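Here the structure comes first, spelled out in structure tokens, and everything after it is commentary.
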Amino acid sequence: MIRRAKIAGTGAYAPERKLTNANLERIIDTTDEWIMSRCGIKERRIVGEGESTSTLAHIAAERALEMADMPPSKVQAIIVGTITPDTMFPSTACYLQKSLGCGYAASFDLLAACSGFVYGCGIAKSWIESGQYDCILVIGAETLTTITDYQDRNTCILFGDGAGAAVIVPSDDDSGFLSMNMHAELDVTMMLLPAGGSRMPASHKTVADRKHYMSLKGREIFKFAVIRANKMLQHEIETNDIAMDDVKYIIPHQVNMRILQAAADRFNMNVEKFYVNLDRRGNTSAASIPMALDEAVRAGKIVKGDLLILVAFGGGKTWASSVLRF
Ligand SMILES: CC(C)(COP(=O)(O)OP(=O)(O)OC[C@H]1O[C@@H](n2cnc3c(N)ncnc32)[C@H](O)[C@@H]1OP(=O)(O)O)[C@@H](O)C(=O)NCCC(=O)NCCS
């Protein structure tokens, strides 16, 4: 019998500082009404003094380990999905290994934008199933507000900061990941962080030209996300031979309420099938799925045995989905 990987504990952390639509109205030419109607976001959390991606991830990871009743010393690998690492190197995962006290656990960051957490679960799933490891910490953590241009009203309304974590171990019952699908297709026009890498190293000019901030084409992303979400859901339902009625929640990348509504309409299902905390957290890229998952678990909305679908899509382009029994 194949060894299956399951989530033994979840954790999340959002910084205390809030950035509300009312706050944004004072910075840019926008309104609460416009943001709510176009995105469904009311407020986001943003990092404060002394906080970074790894400090958010640390708290989320501690909470996940506590739920899993797993001491940090038992963690054998740490995978952090992020596009906003503390430093390019050492990796955010290495900072965490030290701060959590995870011995010499294999530690690295994974860059798949908003799909980073699901990609990380995909790697963990394979490593657990192969028997190589017995305990892997998968984290999605971001401080997107550090790469958000608050002079660009098209984008700065969307993003927030936060971290979510999952402890992945071998399953001893029918719980666990049943499927995992990960894909990508290069697209530099839809969404990009232009400078800071080897294609455009940091310079006075890149700073002056505001090239260290995310640029995105909202309408293109909108279309991509709706179509992809639909295709991924269709694929997961068919290949796992399940019905949507069997699924307790779809935990989607928290991108935009209109995107989720359009995806639900295309699938002919109630939008409430999607677990959403976008209104209070904004789009937190790789952190959004594990943060939403943890919130639902701690609220008792997801309990052991529930069937879930994770659906992610983001810059790259990347996309990934998974069916799991919690
Ligand atoms: C960004 C997004 C909310 C914009 O919504 P939209 O309906 O496509 O809006 P448009 O870009 O067509 O802009 C419509 C108008 O609103 C204006 N506008 C843009 N941002 C605004 C803001 N914050 N407040 C008020 N008006 C705004 C635009 O300038 C435009 O005005 P114009 O018609 O006079 O030119 C939407 O495209 C979206 O959510 N896309 C997905 C983005 C995303 O989540 N990216 C992250 C990837 S994971």
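Following the order of the structure tokens, first chain is A, next is B, and so on, with residues numbered from 1 inside each chain and ligands from 1 in the order they appear.
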
Can you tell me which residues sit at most 7 Å away from ligand 1, counting only C-alpha atoms and all ligand atoms, written as a ChimeraX atom specification?
-> /A:29-31,34-35,38-39,114,153-155,157-158,216,218-219,221-222,255-256,283,285,313-315

Which of region 1-44 of chain A counts as helix (DSSP H, G or I) under DSSP, as a ChimeraX atom specification please?
-> /A:21-27,32-39

I need the chosen residues saved as a PDB file, in the first residue's frame, with N, CA and C atoms.
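What ended up in part_1.pdb:
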ATOM      1  N   ASN A  21      -9.467  50.207   3.898  1.00  0.00           N
ATOM      2  CA  ASN A  21      -9.789  50.982   2.693  1.00  0.00           C
ATOM      3  C   ASN A  21      -9.852  52.480   3.026  1.00  0.00           C
ATOM      4  N   ALA A  22     -10.284  52.783   4.244  1.00  0.00           N
ATOM      5  CA  ALA A  22     -10.331  54.195   4.664  1.00  0.00           C
ATOM      6  C   ALA A  22      -8.904  54.767   4.698  1.00  0.00           C
ATOM      7  N   ASN A  23      -7.939  53.964   5.171  1.00  0.00           N
ATOM      8  CA  ASN A  23      -6.534  54.413   5.158  1.00  0.00           C
ATOM      9  C   ASN A  23      -6.094  54.681   3.722  1.00  0.00           C
ATOM     10  N   LEU A  24      -6.446  53.758   2.801  1.00  0.00           N
ATOM     11  CA  LEU A  24      -6.019  53.902   1.402  1.00  0.00           C
ATOM     12  C   LEU A  24      -6.641  55.142   0.750  1.00  0.00           C
ATOM     13  N   GLU A  25      -7.865  55.451   1.162  1.00  0.00           N
ATOM     14  CA  GLU A  25      -8.531  56.643   0.606  1.00  0.00           C
ATOM     15  C   GLU A  25      -7.713  57.910   0.874  1.00  0.00           C
ATOM     16  N   ARG A  26      -6.893  57.853   1.968  1.00  0.00           N
ATOM     17  CA  ARG A  26      -6.077  59.029   2.303  1.00  0.00           C
ATOM     18  C   ARG A  26      -4.758  59.058   1.524  1.00  0.00           C
ATOM     19  N   ILE A  27      -4.367  57.901   0.936  1.00  0.00           N
ATOM     20  CA  ILE A  27      -3.074  57.823   0.233  1.00  0.00           C
ATOM     21  C   ILE A  27      -3.239  57.976  -1.276  1.00  0.00           C
ATOM     22  N   ASP A  32     -13.665  53.249  -0.686  1.00  0.00           N
ATOM     23  CA  ASP A  32     -14.016  51.949  -0.099  1.00  0.00           C
ATOM     24  C   ASP A  32     -15.001  51.228  -1.019  1.00  0.00           C
ATOM     25  N   GLU A  33     -15.941  51.978  -1.552  1.00  0.00           N
ATOM     26  CA  GLU A  33     -16.968  51.387  -2.417  1.00  0.00           C
ATOM     27  C   GLU A  33     -16.334  50.750  -3.662  1.00  0.00           C
ATOM     28  N   TRP A  34     -15.356  51.461  -4.283  1.00  0.00           N
ATOM     29  CA  TRP A  34     -14.704  50.924  -5.487  1.00  0.00           C
ATOM     30  C   TRP A  34     -13.961  49.632  -5.142  1.00  0.00           C
ATOM     31  N   ILE A  35     -13.206  49.676  -4.052  1.00  0.00           N
ATOM     32  CA  ILE A  35     -12.389  48.498  -3.694  1.00  0.00           C
ATOM     33  C   ILE A  35     -13.286  47.317  -3.335  1.00  0.00           C
ATOM     34  N   MET A  36     -14.318  47.566  -2.551  1.00  0.00           N
ATOM     35  CA  MET A  36     -15.209  46.461  -2.156  1.00  0.00           C
ATOM     36  C   MET A  36     -15.916  45.866  -3.373  1.00  0.00           C
ATOM     37  N   SER A  37     -16.378  46.733  -4.269  1.00  0.00           N
ATOM     38  CA  SER A  37     -17.133  46.203  -5.410  1.00  0.00           C
ATOM     39  C   SER A  37     -16.220  45.513  -6.424  1.00  0.00           C
ATOM     40  N   ARG A  38     -14.969  45.982  -6.580  1.00  0.00           N
ATOM     41  CA  ARG A  38     -14.069  45.372  -7.569  1.00  0.00           C
ATOM     42  C   ARG A  38     -13.304  44.173  -7.017  1.00  0.00           C
ATOM     43  N   CYS A  39     -13.045  44.168  -5.702  1.00  0.00           N
ATOM     44  CA  CYS A  39     -12.156  43.129  -5.152  1.00  0.00           C
ATOM     45  C   CYS A  39     -12.751  42.369  -3.966  1.00  0.00           C
TER      46      CYS A  39
END

Within 7 Å of Ser179 (chain A), counting only C-alpha atoms, which residues qualify if same-chain residues fewer than 2 places away don't, as a VMD selection string?
-> chain A and resid 177 181 322 to 323

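When only C-alpha atoms are used to measure the gap to Asn230 (chain A), the shortest distance among A:Leu307, A:Ala286, A:Met269, A:Leu293 belongs to A:Met269.
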
Which residue of A:Leu137, A:Met214, A:Met200, A:Ala263 approaches Val80 (chain A) most closely, using only C-alpha atoms = A:Leu137

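Between CA of Pro72 (chain A) and CA of Leu100 (chain A) lies a distance of 6.3 Å.
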
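The nearest approach to Thr145 (chain A) among the residues A:Leu186, A:Ile46, A:Ala12, A:Met232, with only C-alpha atoms taken into account, belongs to A:Ile46.
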
Exercise: Phe117 (chain A) partners within 12 Å, only C-alpha atoms, chain neighbours under 6 positions left out, as a ChimeraX atom specification = /A:78-83,109-111,123-124,137-142,163-166,182,251-253,284-293,310-314,318-322

Could you dump the residues just selected with C-alpha atoms as a CSV table (one decimal), in the first residue's frame?
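Output saved as out_37.csv:
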chain,number,residue,atom,x,y,z
A,78,ILE,CA,11.4,23.2,5.8
A,79,ILE,CA,10.0,24.5,2.5
A,80,VAL,CA,9.0,28.2,2.4
A,81,GLY,CA,6.9,29.4,-0.6
A,82,THR,CA,7.6,33.1,-0.9
A,83,ILE,CA,8.4,35.9,-3.4
A,109,ASP,CA,12.7,28.7,-0.3
A,110,LEU,CA,10.4,27.9,-3.3
A,111,LEU,CA,9.5,30.6,-5.8
A,123,ILE,CA,7.2,18.3,-2.8
A,124,ALA,CA,6.4,17.3,0.7
A,137,LEU,CA,7.1,21.9,7.5
A,138,VAL,CA,5.5,23.6,4.5
A,139,ILE,CA,5.0,27.4,4.8
A,140,GLY,CA,3.6,30.2,2.6
A,141,ALA,CA,4.8,33.5,3.9
A,142,GLU,CA,4.8,37.0,2.4
A,163,ALA,CA,2.1,33.6,6.9
A,164,GLY,CA,0.5,30.1,7.0
A,165,ALA,CA,2.1,26.8,7.8
A,166,ALA,CA,1.3,23.0,7.6
A,182,MET,CA,1.5,21.6,-10.6
A,251,ILE,CA,-9.6,26.6,-0.4
A,252,PRO,CA,-8.6,29.0,-3.2
A,253,HIS,CA,-5.8,31.5,-3.5
A,284,THR,CA,-1.2,37.5,0.5
A,285,SER,CA,0.2,35.4,-2.4
A,286,ALA,CA,1.8,32.1,-1.2
A,287,ALA,CA,0.4,32.7,2.3
A,288,SER,CA,-3.2,33.0,1.3
A,289,ILE,CA,-4.2,29.3,1.1
A,290,PRO,CA,-2.5,28.1,4.3
A,291,MET,CA,-3.9,31.2,6.2
A,292,ALA,CA,-7.4,30.5,5.0
A,293,LEU,CA,-7.0,26.7,5.7
A,310,LEU,CA,-6.7,23.5,-2.8
A,311,VAL,CA,-6.6,25.7,-5.9
A,312,ALA,CA,-3.8,28.2,-6.6
A,313,PHE,CA,-2.8,30.4,-9.5
A,314,GLY,CA,-0.2,33.2,-9.7
A,318,THR,CA,2.0,29.1,-12.2
A,319,TRP,CA,-1.0,27.1,-11.1
A,320,ALA,CA,-1.5,24.1,-8.8
A,321,SER,CA,-4.3,22.1,-7.3
A,322,SER,CA,-4.8,19.2,-4.9

DSSP-assigned strand (DSSP E or B) members of region 102-180 of chain A, reported as a ChimeraX atom specification | /A:106-110,136-143,159,161-170,176-180

Selected residues written out with C-alpha atoms, as an mmCIF file, in the first residue's frame:
data_model
loop_
_atom_site.group_PDB
_atom_site.id
_atom_site.type_symbol
_atom_site.label_atom_id
_atom_site.label_comp_id
_atom_site.auth_asym_id
_atom_site.auth_seq_id
_atom_site.Cartn_x
_atom_site.Cartn_y
_atom_site.Cartn_z
ATOM 1 C CA ALA A 106 16.916 20.598 4.847
ATOM 2 C CA SER A 107 15.749 24.187 4.311
ATOM 3 C CA PHE A 108 14.996 26.158 1.179
ATOM 4 C CA ASP A 109 12.672 28.746 -0.339
ATOM 5 C CA LEU A 110 10.422 27.935 -3.274
ATOM 6 C CA ILE A 136 8.096 18.348 6.757
ATOM 7 C CA LEU A 137 7.119 21.922 7.499
ATOM 8 C CA VAL A 138 5.543 23.644 4.476
ATOM 9 C CA ILE A 139 4.986 27.370 4.789
ATOM 10 C CA GLY A 140 3.603 30.162 2.623
ATOM 11 C CA ALA A 141 4.804 33.526 3.912
ATOM 12 C CA GLU A 142 4.848 36.988 2.390
ATOM 13 C CA THR A 143 5.456 40.635 3.113
ATOM 14 C CA PHE A 159 -2.074 43.086 -1.232
ATOM 15 C CA ASP A 161 1.134 40.415 4.569
ATOM 16 C CA GLY A 162 0.930 37.148 6.502
ATOM 17 C CA ALA A 163 2.053 33.558 6.871
ATOM 18 C CA GLY A 164 0.478 30.120 7.011
ATOM 19 C CA ALA A 165 2.054 26.762 7.784
ATOM 20 C CA ALA A 166 1.318 23.045 7.648
ATOM 21 C CA VAL A 167 3.092 20.106 9.269
ATOM 22 C CA ILE A 168 3.112 17.180 6.842
ATOM 23 C CA VAL A 169 3.631 13.630 8.081
ATOM 24 C CA PRO A 170 2.784 10.058 6.995
ATOM 25 C CA GLY A 176 -4.034 12.760 3.294
ATOM 26 C CA PHE A 177 -3.256 14.195 -0.117
ATOM 27 C CA LEU A 178 -5.069 12.230 -2.846
ATOM 28 C CA SER A 179 -3.798 14.191 -5.834
ATOM 29 C CA MET A 180 -1.363 16.941 -6.719
#

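Residue neighbourhood of Ile2 (chain A), excluding near-sequence residues (fewer than 4 positions): A:Lys125, A:Ser126, A:Ile128, A:Glu129, A:Ser130, A:Gly131, A:Pro170, A:Ser171, A:Asp172, A:Asp173, A:Asp174, A:Gly176, A:Phe177, A:Leu178, at 12 Å, using only C-alpha atoms.
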
Export of prior selection with N, CA and C atoms as a short mmCIF file (atom, residue, chain, number, x, y, z; two decimals), in the first residue's frame:
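Done, and the output landed in out11.cif:
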data_model
loop_
_atom_site.label_atom_id
_atom_site.label_comp_id
_atom_site.auth_asym_id
_atom_site.auth_seq_id
_atom_site.Cartn_x
_atom_site.Cartn_y
_atom_site.Cartn_z
N LYS A 125 4.63 16.00 -0.22
CA LYS A 125 3.84 14.79 -0.47
C LYS A 125 4.76 13.68 -1.03
N SER A 126 5.53 14.04 -2.06
CA SER A 126 6.40 13.04 -2.69
C SER A 126 7.48 12.55 -1.73
N ILE A 128 7.38 12.44 1.53
CA ILE A 128 6.78 11.58 2.58
C ILE A 128 6.43 10.22 1.97
N GLU A 129 5.80 10.26 0.79
CA GLU A 129 5.38 8.99 0.16
C GLU A 129 6.58 8.10 -0.17
N SER A 130 7.70 8.73 -0.53
CA SER A 130 8.89 7.94 -0.87
C SER A 130 9.55 7.33 0.36
N GLY A 131 9.19 7.83 1.54
CA GLY A 131 9.78 7.31 2.77
C GLY A 131 11.04 8.06 3.18
N PRO A 170 3.47 11.22 7.58
CA PRO A 170 2.78 10.06 7.00
C PRO A 170 1.41 9.86 7.63
N SER A 171 0.47 9.40 6.82
CA SER A 171 -0.89 9.16 7.32
C SER A 171 -1.03 7.72 7.77
N ASP A 172 -1.82 7.51 8.84
CA ASP A 172 -2.05 6.13 9.27
C ASP A 172 -3.52 5.73 9.08
N ASP A 173 -4.26 6.57 8.34
CA ASP A 173 -5.66 6.22 8.03
C ASP A 173 -5.97 6.70 6.61
N ASP A 174 -7.24 7.00 6.31
CA ASP A 174 -7.55 7.39 4.92
C ASP A 174 -7.39 8.90 4.68
N GLY A 176 -5.27 12.44 4.02
CA GLY A 176 -4.03 12.76 3.29
C GLY A 176 -4.29 13.31 1.90
N PHE A 177 -3.18 13.66 1.24
CA PHE A 177 -3.26 14.20 -0.12
C PHE A 177 -3.59 13.06 -1.09
N LEU A 178 -4.66 13.25 -1.88
CA LEU A 178 -5.07 12.23 -2.85
C LEU A 178 -4.55 12.53 -4.24
#

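What separates CA of Lys217 (chain A) from CA of Gly120 (chain A) is a distance of 26.2 Å.
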
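Restricting the calculation to only C-alpha atoms, the smallest distance between Glu16 (chain A) and any of A:Arg281, A:Thr87, A:Leu193, A:Thr206 is found for A:Arg281.
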
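Between Tyr119 (chain A) and the candidates A:Gln97, A:His183, A:Gly9, A:Phe274, the tightest atom-to-atom separation, counting only C-alpha atoms, involves A:His183.
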
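Between Ile28 (chain A) and the residues A:Gln151, A:Ser198, A:Ser175, A:Asn240, the shortest atom-to-atom distance, using only C-alpha atoms, involves A:Gln151.
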
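CA of Arg63 (chain A) sits 21.1 Å away from CA of Asp306 (chain A).
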